[in-house]
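Text of query24.txt, listed as compact mmCIF, C-alpha atoms and all ligand atoms:
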# COMPACT_ATOMS: atom_id res chain seq x y z
CA MET A 147 12.61 11.33 2.97
CA ALA A 148 13.71 9.07 0.19
CA SER A 149 12.22 5.78 -0.62
CA GLU A 150 12.41 3.20 -3.33
CA LEU A 151 10.01 2.20 -5.99
CA ARG A 152 10.97 -1.32 -6.92
CA ALA A 153 10.03 -2.89 -10.20
CA GLY A 154 10.72 -6.48 -11.02
CA ALA A 155 9.73 -8.00 -14.29
CA THR A 156 10.01 -11.31 -15.98
CA GLY A 157 10.44 -11.25 -19.69
CA ASN A 158 13.46 -11.24 -21.96
CA ASP A 159 16.32 -11.89 -19.59
CA PRO A 160 19.01 -9.29 -20.01
CA GLY A 161 20.97 -10.33 -16.94
CA GLY A 162 21.16 -14.08 -16.40
CA ASP A 163 19.23 -17.34 -16.08
CA THR A 164 16.59 -16.21 -13.61
CA GLY A 165 14.47 -14.18 -16.00
CA LEU A 166 14.23 -11.58 -13.25
CA ARG A 167 15.28 -7.98 -13.63
CA VAL A 168 15.14 -5.68 -10.62
CA GLN A 169 15.15 -1.95 -11.00
CA CYS A 170 15.20 0.36 -7.97
CA VAL A 171 14.26 4.03 -8.20
CA ALA A 172 14.66 6.30 -5.17
CA ALA A 173 11.66 8.61 -4.97
CA ASP A 174 9.85 10.51 -2.23
CA LEU A 175 6.23 9.90 -3.17
CA GLY A 176 5.17 12.67 -0.80
CA CYS A 177 6.42 15.40 -3.12
CA GLU A 178 5.76 16.25 -6.76
CA GLN A 179 9.34 15.84 -7.85
CA GLY A 180 9.56 12.33 -6.39
CA LEU A 181 6.26 11.34 -7.89
CA ARG A 182 7.38 12.62 -11.30
CA ARG A 183 10.59 10.61 -11.03
CA ALA A 184 8.76 7.42 -10.08
CA SER A 185 6.17 7.95 -12.84
CA ALA A 186 8.85 8.51 -15.47
CA ALA A 187 10.67 5.33 -14.40
CA LEU A 188 7.43 3.34 -14.56
CA ARG A 189 6.59 4.67 -18.02
CA GLU A 190 10.03 3.77 -19.31
CA LEU A 191 10.07 0.29 -17.76
CA LEU A 192 6.58 -0.66 -18.91
CA GLN A 193 7.23 0.25 -22.53
CA ASP A 194 8.96 -3.13 -22.85
CA ALA A 195 6.61 -5.04 -25.13
CA SER A 196 7.98 -8.41 -24.01
CA PHE A 197 6.30 -8.20 -20.57
CA GLY A 198 3.38 -10.60 -20.44
CA ARG A 199 1.97 -9.69 -17.06
CA LEU A 200 1.54 -6.60 -14.89
CA LEU A 201 1.40 -6.91 -11.09
CA LEU A 202 1.42 -3.56 -9.34
CA VAL A 203 1.60 -3.45 -5.52
CA ASN A 204 0.87 -0.11 -3.87
CA ASN A 205 2.65 -0.68 -0.55
CA ALA A 206 4.18 2.63 0.60
CA GLY A 207 2.29 4.32 3.40
CA SER A 208 2.65 6.31 6.59
CA LEU A 209 0.73 6.90 9.83
CA GLY A 210 0.98 10.69 9.99
CA ASP A 211 1.16 12.34 13.39
CA ILE A 212 -0.70 9.82 15.56
CA SER A 213 0.11 11.74 18.75
CA LYS A 214 -2.66 14.15 17.73
CA SER A 215 -6.40 13.80 18.03
CA PHE A 216 -8.97 14.98 15.49
CA LEU A 217 -9.25 18.45 17.08
CA ASP A 218 -5.48 19.01 16.75
CA PHE A 219 -5.58 18.87 12.95
CA THR A 220 -5.91 22.55 12.07
CA ASP A 221 -2.93 22.84 9.71
CA LEU A 222 -4.19 22.40 6.14
CA GLN A 223 -0.71 21.87 4.74
CA GLU A 224 -0.01 18.99 7.13
CA ILE A 225 -3.29 17.32 6.19
CA ASN A 226 -2.81 17.83 2.45
CA THR A 227 0.75 16.54 2.60
CA TYR A 228 -0.46 13.38 4.32
CA PHE A 229 -3.23 12.68 1.82
CA SER A 230 -1.02 13.62 -1.11
CA PHE A 231 1.41 10.82 -0.24
CA ASN A 232 -1.06 8.24 1.06
CA ILE A 233 -3.89 8.66 -1.46
CA SER A 234 -2.95 10.83 -4.44
CA SER A 235 0.40 9.21 -5.18
CA ALA A 236 -1.20 5.74 -5.30
CA LEU A 237 -3.81 7.00 -7.77
CA CYS A 238 -1.22 8.76 -9.93
CA LEU A 239 1.22 5.85 -10.01
CA THR A 240 -1.48 3.28 -10.69
CA SER A 241 -3.02 5.23 -13.57
CA THR A 242 0.44 5.94 -14.99
CA ALA A 243 1.40 2.26 -14.86
CA LEU A 244 -1.88 1.08 -16.40
CA ARG A 245 -1.66 3.60 -19.24
CA ALA A 246 1.99 2.77 -19.90
CA PHE A 247 1.35 -0.98 -19.97
CA GLY A 248 -1.88 -0.71 -21.94
CA ALA A 249 -4.27 -3.54 -22.69
CA ARG A 250 -2.10 -6.22 -24.30
CA PRO A 251 -3.92 -9.18 -25.78
CA GLY A 252 -3.58 -12.24 -23.56
CA CYS A 253 -1.79 -10.32 -20.75
CA SER A 254 -3.17 -10.27 -17.21
CA ARG A 255 -3.03 -7.07 -15.20
CA THR A 256 -3.39 -7.05 -11.40
CA VAL A 257 -3.35 -4.08 -9.06
CA VAL A 258 -2.90 -4.56 -5.30
CA ASN A 259 -3.67 -1.87 -2.75
CA ILE A 260 -2.03 -2.57 0.61
CA SER A 261 -4.92 -1.71 2.89
CA SER A 262 -5.61 -2.11 6.60
CA LEU A 263 -8.29 -2.94 9.15
CA CYS A 264 -8.32 0.86 9.54
CA ALA A 265 -10.05 1.15 6.16
CA ARG A 266 -13.05 -0.39 7.92
CA GLU A 267 -12.71 0.45 11.63
CA PRO A 268 -12.11 3.85 13.26
CA PHE A 269 -9.09 3.97 15.60
CA PRO A 270 -8.83 6.93 18.03
CA SER A 271 -5.82 9.19 17.23
CA TRP A 272 -5.61 7.70 13.73
CA ALA A 273 -7.93 10.05 11.79
CA LEU A 274 -5.51 10.57 8.89
CA TYR A 275 -4.53 6.92 8.55
CA CYS A 276 -8.10 5.56 8.79
CA ALA A 277 -9.42 8.16 6.34
CA GLY A 278 -6.54 7.51 3.92
CA LYS A 279 -6.98 3.73 3.95
CA ALA A 280 -10.77 3.98 3.57
CA ALA A 281 -10.36 6.39 0.65
CA ARG A 282 -7.85 4.11 -1.07
CA ASP A 283 -10.14 1.09 -0.77
CA MET A 284 -12.97 3.05 -2.39
CA MET A 285 -10.68 4.44 -5.09
CA PHE A 286 -9.62 0.93 -6.07
CA ARG A 287 -13.23 -0.31 -5.99
CA VAL A 288 -14.01 2.36 -8.59
CA LEU A 289 -11.07 1.18 -10.67
CA ALA A 290 -12.39 -2.39 -10.50
CA LEU A 291 -15.79 -1.23 -11.78
CA GLU A 292 -14.40 0.95 -14.55
CA GLU A 293 -11.91 -1.64 -15.80
CA PRO A 294 -13.57 -5.07 -15.49
CA GLN A 295 -10.72 -6.77 -17.35
CA LEU A 296 -8.32 -5.82 -14.51
CA ARG A 297 -7.90 -7.77 -11.26
CA VAL A 298 -7.97 -5.37 -8.28
CA LEU A 299 -7.37 -6.37 -4.67
CA SER A 300 -7.23 -4.40 -1.41
CA TYR A 301 -5.21 -6.61 0.95
CA ALA A 302 -5.09 -5.85 4.69
CA PRO A 303 -1.83 -7.52 5.79
CA GLY A 304 -2.55 -7.82 9.53
CA PRO A 305 -0.45 -6.28 12.33
CA LEU A 306 3.07 -6.47 10.88
CA ASP A 307 6.22 -6.42 12.94
CA THR A 308 7.63 -3.30 11.27
CA ASP A 309 8.66 0.27 12.11
CA MET A 310 5.03 1.29 11.67
CA GLN A 311 4.04 -0.91 14.65
CA LEU A 312 6.88 0.55 16.70
CA LEU A 313 5.40 4.00 16.06
CA ALA A 314 1.89 2.71 16.84
CA ARG A 315 2.83 1.40 20.30
CA THR A 316 5.04 4.34 21.29
CA ARG A 317 3.43 7.40 19.68
CA THR A 318 -0.32 6.80 19.60
CA GLY A 319 -1.92 9.66 21.55
CA ASP A 320 -4.89 7.66 22.81
CA PRO A 321 -3.59 5.73 25.88
CA GLY A 322 -5.99 2.79 25.45
CA MET A 323 -4.98 2.26 21.84
CA ARG A 324 -1.30 2.63 22.67
CA GLN A 325 -1.59 -0.08 25.36
CA GLN A 326 -3.46 -2.34 22.97
CA PHE A 327 -0.56 -2.10 20.49
CA GLN A 328 1.95 -2.72 23.32
CA ARG A 329 0.05 -5.81 24.44
CA MET A 330 -0.06 -7.18 20.90
CA GLN A 331 3.72 -7.05 20.79
CA GLU A 332 4.15 -8.52 24.30
CA LYS A 333 1.85 -11.43 23.43
CA GLY A 334 3.78 -12.13 20.23
CA GLN A 335 0.77 -11.34 18.03
CA LEU A 336 2.67 -9.34 15.44
CA ILE A 337 3.04 -10.98 12.05
CA ASP A 338 6.28 -11.30 10.13
CA SER A 339 6.00 -9.36 6.85
CA SER A 340 7.15 -12.38 4.83
CA VAL A 341 4.36 -14.56 6.30
CA SER A 342 1.74 -11.99 5.30
CA ALA A 343 3.35 -11.55 1.87
CA GLN A 344 3.07 -15.33 1.32
CA LYS A 345 -0.67 -15.13 2.01
CA LEU A 346 -0.99 -12.32 -0.50
CA LEU A 347 0.84 -14.41 -3.09
CA GLN A 348 -1.45 -17.34 -2.36
CA LEU A 349 -4.49 -15.10 -2.92
CA LEU A 350 -3.06 -13.83 -6.19
CA LYS A 351 -2.24 -17.35 -7.37
CA GLU A 352 -5.74 -18.65 -6.58
CA ASP A 353 -7.12 -15.53 -8.28
CA SER A 354 -10.65 -16.19 -7.02
CA PHE A 355 -11.34 -12.90 -5.18
CA PRO A 356 -14.00 -10.59 -6.65
CA SER A 357 -12.21 -7.68 -8.30
CA GLY A 358 -12.14 -4.66 -5.95
CA ALA A 359 -12.57 -6.82 -2.83
CA HIS A 360 -11.01 -6.05 0.55
CA VAL A 361 -9.41 -9.23 1.93
CA ASP A 362 -7.80 -9.40 5.36
CA PHE A 363 -4.87 -11.62 6.44
CA TYR A 364 -7.20 -13.25 8.97
CA ASP A 365 -9.87 -14.02 6.34
CA ILE A 366 -7.66 -16.56 4.60
N1 LIG A 401 2.64 -2.51 10.04
C1 LIG A 401 1.37 -2.82 10.16
O1 LIG A 401 0.91 -3.33 11.20
C2 LIG A 401 0.43 -2.60 9.01
C3 LIG A 401 -0.89 -3.03 9.16
C4 LIG A 401 -1.78 -2.84 8.11
C5 LIG A 401 -1.33 -2.23 6.95
N2 LIG A 401 -0.04 -1.81 6.84
C6 LIG A 401 0.36 -1.19 5.58
O2 LIG A 401 1.45 -1.90 5.03
C7 LIG A 401 2.23 -1.02 4.22
C8 LIG A 401 3.68 -1.13 4.63
O3 LIG A 401 3.79 -0.64 5.97
P1 LIG A 401 4.97 -1.06 6.97
O4 LIG A 401 4.36 -1.66 8.16
O5 LIG A 401 6.05 -1.78 6.24
O6 LIG A 401 5.41 0.41 7.37
P2 LIG A 401 6.86 1.02 7.54
O7 LIG A 401 7.72 0.05 8.24
O8 LIG A 401 6.66 2.37 8.16
O9 LIG A 401 7.31 1.19 6.03
C9 LIG A 401 6.67 2.16 5.23
C10 LIG A 401 7.00 1.92 3.79
O10 LIG A 401 6.53 3.06 3.04
C11 LIG A 401 7.64 3.68 2.40
N3 LIG A 401 7.50 5.14 2.47
C12 LIG A 401 7.27 5.89 3.58
N4 LIG A 401 7.25 7.20 3.24
C13 LIG A 401 7.48 7.26 1.90
C14 LIG A 401 7.58 8.33 0.96
N5 LIG A 401 7.43 9.61 1.33
N6 LIG A 401 7.83 8.02 -0.33
C15 LIG A 401 7.97 6.72 -0.72
N7 LIG A 401 7.88 5.68 0.11
C16 LIG A 401 7.65 5.95 1.41
C17 LIG A 401 8.87 3.25 3.17
O11 LIG A 401 9.99 3.31 2.34
P3 LIG A 401 11.47 3.58 3.01
O12 LIG A 401 11.69 2.48 3.97
O13 LIG A 401 12.37 3.55 1.83
O14 LIG A 401 11.36 4.91 3.65
C18 LIG A 401 8.51 1.81 3.53
O15 LIG A 401 8.71 0.95 2.44
C19 LIG A 401 1.64 0.38 4.43
O16 LIG A 401 0.77 0.70 3.38
C20 LIG A 401 0.87 0.23 5.73
O17 LIG A 401 -0.17 1.17 5.84
C21 LIG A 401 0.85 -2.01 7.83

Write the structure described by the file as C-alpha cells, please.
Ligand SMILES: NC(=O)c1ccc[n+]([C@@H]2O[C@H](COP(=O)([O-])OP(=O)(O)OC[C@H]3O[C@@H](n4cnc5c(N)ncnc54)[C@H](OP(=O)(O)O)[C@@H]3O)[C@@H](O)[C@H]2O)c1
Amino acid sequence: MASELRAGATGNDPGGDTGLRVQCVAADLGCEQGLRRASAALRELLQDASFGRLLLVNNAGSLGDISKSFLDFTDLQEINTYFSFNISSALCLTSTALRAFGARPGCSRTVVNISSLCAREPFPSWALYCAGKAARDMMFRVLALEEPQLRVLSYAPGPLDTDMQLLARTRTGDPGMRQQFQRMQEKGQLIDSSVSAQKLLQLLKEDSFPSGAHVDFYDI
C-alpha cells in the first residue's frame, strides 16, 4: 500500500504569491522502508530555517481486520504489523520532525494526534483499533509532559464519512456494532471530513486546550 505524507509550509515563497509550498511524499508507513523515506523527507524539509511554525498532524490510520474477535488474534506478525503502522510510525515520525525542527526562539510547535472515541471506549471486534488509539493518546500525553513548550492535542474527529466508515458498517464482525454503523449512515449522522477539519482548525486557532488533552468533535 502506498500513501502520501503531505507537508505544507509557509515561509519564503519559492513558487508564487500564496506563500504556500506543498510537498507530497509517497510512503507506506506500515513498513520500515516507507517510514525511512517519510522520515528522510521530513528531515530535509524541516531544515529550512525560514519556517516560523511547526504544525504536525498525525492522521494516517487503519482499522485492521475488524471481522475478527479478540480470540481470533493468534498471529503475532499480523498484530505487530498493525501496531507498527498505527502506533510506532506516529512516534517515529513525530520525534523525527521535532528533532529536525528543533526549538527555534519565538516559533510555536504543535503536534496533533488524530484520535477516536475508541481511545476511550471499547468496541467489540475492534481490539486492535481501540488499543492503538488508546496507546497513541497516552504516548502524546507523555510528550506533552516531557516537552511543556510544545502544544499537543489528541483530536477525535467524530464519525467521518470516509472509506473507514464503509469498512466499519460492512466488515465489523460483531453484528450489533455493524448495525449501529449502518444506522448512523442511514440517519445521515456521518460527518463530512472538511466540517470536522474546520473544528480542529478552530481549536488550534483558539489554542486554549491543555497540552496533551483529548478533545472530541462533539465537545466543541
Ligand atoms: N472515519 C471515521 O469515522 C473516524 C473516526 C475517528 C477517527 N478517525 C481517524 O481519522 C484518521 C483518518 O481516517 P479516515 O476515516 O480518513 O480513514 P480512511 O478513509 O481509511 O483513510 C486512511 C488514511 O490513512 C492513510 N493510510 C492508510 N494506510 C497507510 C499506510 N500503510 N501508510 C501511510 N498511510 C496510510 C490513507 O492514505 P491513502 O489514502 O493514501 O492510502 C488515508 O489517508 C485515522 O487516524 C482514523 O483512525 C476516523

Using only C-alpha atoms and all ligand atoms, which residues have at least one atom no more than 9 Å from ligand LIG 401 (chain A)? Output them as a PyMOL selection string. chain A and resi 147-151+172-177+180-181+204-209+231-232+235+259-264+275+279+301-314+336-337+339

Please determine, counting all atoms listed in the file, which residue among A:Val257, A:Leu239, A:Ala249, A:Ile212 has the shortest atom-to-atom distance to A:Arg189. A:Leu239

Kindly give the distance, in Å, that separates atom CA of A:Ser213 and atom CA of A:Ser271, rounded to a single decimal.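 Separating atom CA of A:Ser213 from atom CA of A:Ser271 is a distance of 6.6 Å.
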
Nearest to A:Arg282 by atom-to-atom distance, counting all atoms listed in the file, from A:Leu237, A:Leu166, A:Met323, A:Met330: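 Once distances to A:Arg282 are computed over all atoms listed in the file, the minimum belongs to A:Leu237.
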
If we count all atoms listed in the file, what is near stretch 243-245 of chain A at a cut-off of 8 Å, once residues fewer than 3 positions away on the same chain are taken out, given as a ChimeraX atom specification? /A:185,188-189,192,239-240,248
